[in-house]
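Chemist: If you scroll down you'll find the structure; I have some questions about it.
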Amino acid sequence: MRKFIRHPIDIPIEYSIGDSVDSVPPHLQNISEGGLCITTHQAVAAGSIICIKIGIKQPPFEAEGTVMWCHKKDDYYETGVKFDDDSVEYAVRMVEQVCHIEQYKNDALLKEGRALSSEQAAKEWVKQNAEDFPR
């Protein structure tokens, strides 16, 4: 079983630390047990409290976590965030599934010309991917 699953890169995500919001939108790289990894365009100090906002649906999903590490990679930073609350981790994983389903729906339209409802896309995506989706 995979520990990480590739995340669609065009899903809107924001983060803030105190009153500071990254001016260049980050990307969600992956979600793992207890947290997630995002790419940011500025260094974030380990130990910082960070608010993550994923606006795939309204109202957007928001959760607070702690920055565990931040490593420079090329022209960006990989930043690891840990959630202390198991219910937040579960909610993040549900948001991730919604993101994948929305990406599947968009791909079906762009690549195949099929306009799927969210429910149709969810059924197809689950049938094709649920077994491979990390628990």
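As shown in the structure tokens, the chain order sets the letters A, B, ...; within each chain, residues go from 1, and ligands are also counted from 1 in the order they appear.
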Please identify all polymer residues within 12 Å of A:Ser117, counting only C-alpha atoms, omitting same-chain residues fewer than 2 positions from it, and present them as an NGL selection string.
Modeler: :A and (101-102 or 104-106 or 108-109 or 114-115 or 119-124)
Chemist: With C-alpha atoms retained, export the selected residues as a PDB file, in the first residue's frame.
Modeler:
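That gives us part37.pdb:
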```
ATOM      1  CA  ILE A 101     -13.011  13.365  -8.046  1.00  0.00           C
ATOM      2  CA  GLU A 102     -13.263  16.977  -9.238  1.00  0.00           C
ATOM      3  CA  TYR A 104     -11.468  13.307 -12.723  1.00  0.00           C
ATOM      4  CA  LYS A 105     -14.648  15.187 -13.672  1.00  0.00           C
ATOM      5  CA  ASN A 106     -12.623  17.990 -15.334  1.00  0.00           C
ATOM      6  CA  ALA A 108     -13.439  13.583 -18.474  1.00  0.00           C
ATOM      7  CA  LEU A 109     -14.766  16.810 -19.982  1.00  0.00           C
ATOM      8  CA  ARG A 114     -17.973  13.760 -21.280  1.00  0.00           C
ATOM      9  CA  ALA A 115     -19.839  16.141 -18.978  1.00  0.00           C
ATOM     10  CA  GLU A 119     -22.169  12.114  -8.407  1.00  0.00           C
ATOM     11  CA  GLN A 120     -21.361  10.335 -11.701  1.00  0.00           C
ATOM     12  CA  ALA A 121     -17.704  11.336 -11.432  1.00  0.00           C
ATOM     13  CA  ALA A 122     -17.562  10.122  -7.818  1.00  0.00           C
ATOM     14  CA  LYS A 123     -19.022   6.723  -8.723  1.00  0.00           C
ATOM     15  CA  GLU A 124     -16.586   6.242 -11.613  1.00  0.00           C
TER      16      GLU A 124
END
```
Chemist: List the neighbours of A:Asp86 out to 9 Å using only C-alpha atoms; skip same-chain residues closer than 4 positions along the sequence, and give me the result as a list in words.
Modeler: Gly34, Tyr90 and Ala91 of chain A
Chemist: Could you dump the residues just selected with C-alpha atoms as a PDB file, in the first residue's frame?
Modeler:
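Output file again.pdb is given in full below:
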```pdb
ATOM      1  CA  GLY A  34      -0.956  12.768  10.377  1.00  0.00           C
ATOM      2  CA  TYR A  90      -9.696  12.338   8.444  1.00  0.00           C
ATOM      3  CA  ALA A  91     -11.333  15.498   7.067  1.00  0.00           C
TER       4      ALA A  91
END
```
Chemist: Set the distance at 12 Å and use only C-alpha atoms: which residues neighbour A:Asp84 once local chain neighbours fewer than 3 positions away are removed? I'd like the list as a CSV table (one decimal) with C-alpha atoms, in the first residue's frame.
Modeler:
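So the final result, stored in out00.csv, reads:
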```
chain,number,residue,atom,x,y,z
A,33,GLU,CA,-0.7,9.8,8.0
A,34,GLY,CA,-1.0,12.8,10.4
A,35,GLY,CA,-0.3,15.6,8.0
A,36,LEU,CA,0.5,16.9,4.5
A,49,ILE,CA,1.3,27.4,13.6
A,63,ALA,CA,-7.5,23.4,9.5
A,64,GLU,CA,-4.7,24.4,11.8
A,65,GLY,CA,-1.5,22.5,12.1
A,66,THR,CA,2.2,22.8,13.0
A,67,VAL,CA,5.0,23.2,10.6
A,68,MET,CA,7.3,20.2,11.3
A,81,VAL,CA,2.5,20.2,8.3
A,87,SER,CA,-10.6,14.2,13.0
A,88,VAL,CA,-8.8,16.9,11.1
A,89,GLU,CA,-6.6,14.3,9.4
A,90,TYR,CA,-9.7,12.3,8.4
```
Chemist: Could you check how far atom CA of A:Pro59 sits from atom CA of A:Val126, in Å to one decimal?
Modeler: 23.3 Å
Chemist: Using only C-alpha atoms, find the one residue out of A:Met94, A:Ile56, A:Ile17, A:Cys70 that sits nearest to A:Ala43.
Modeler: A:Cys70
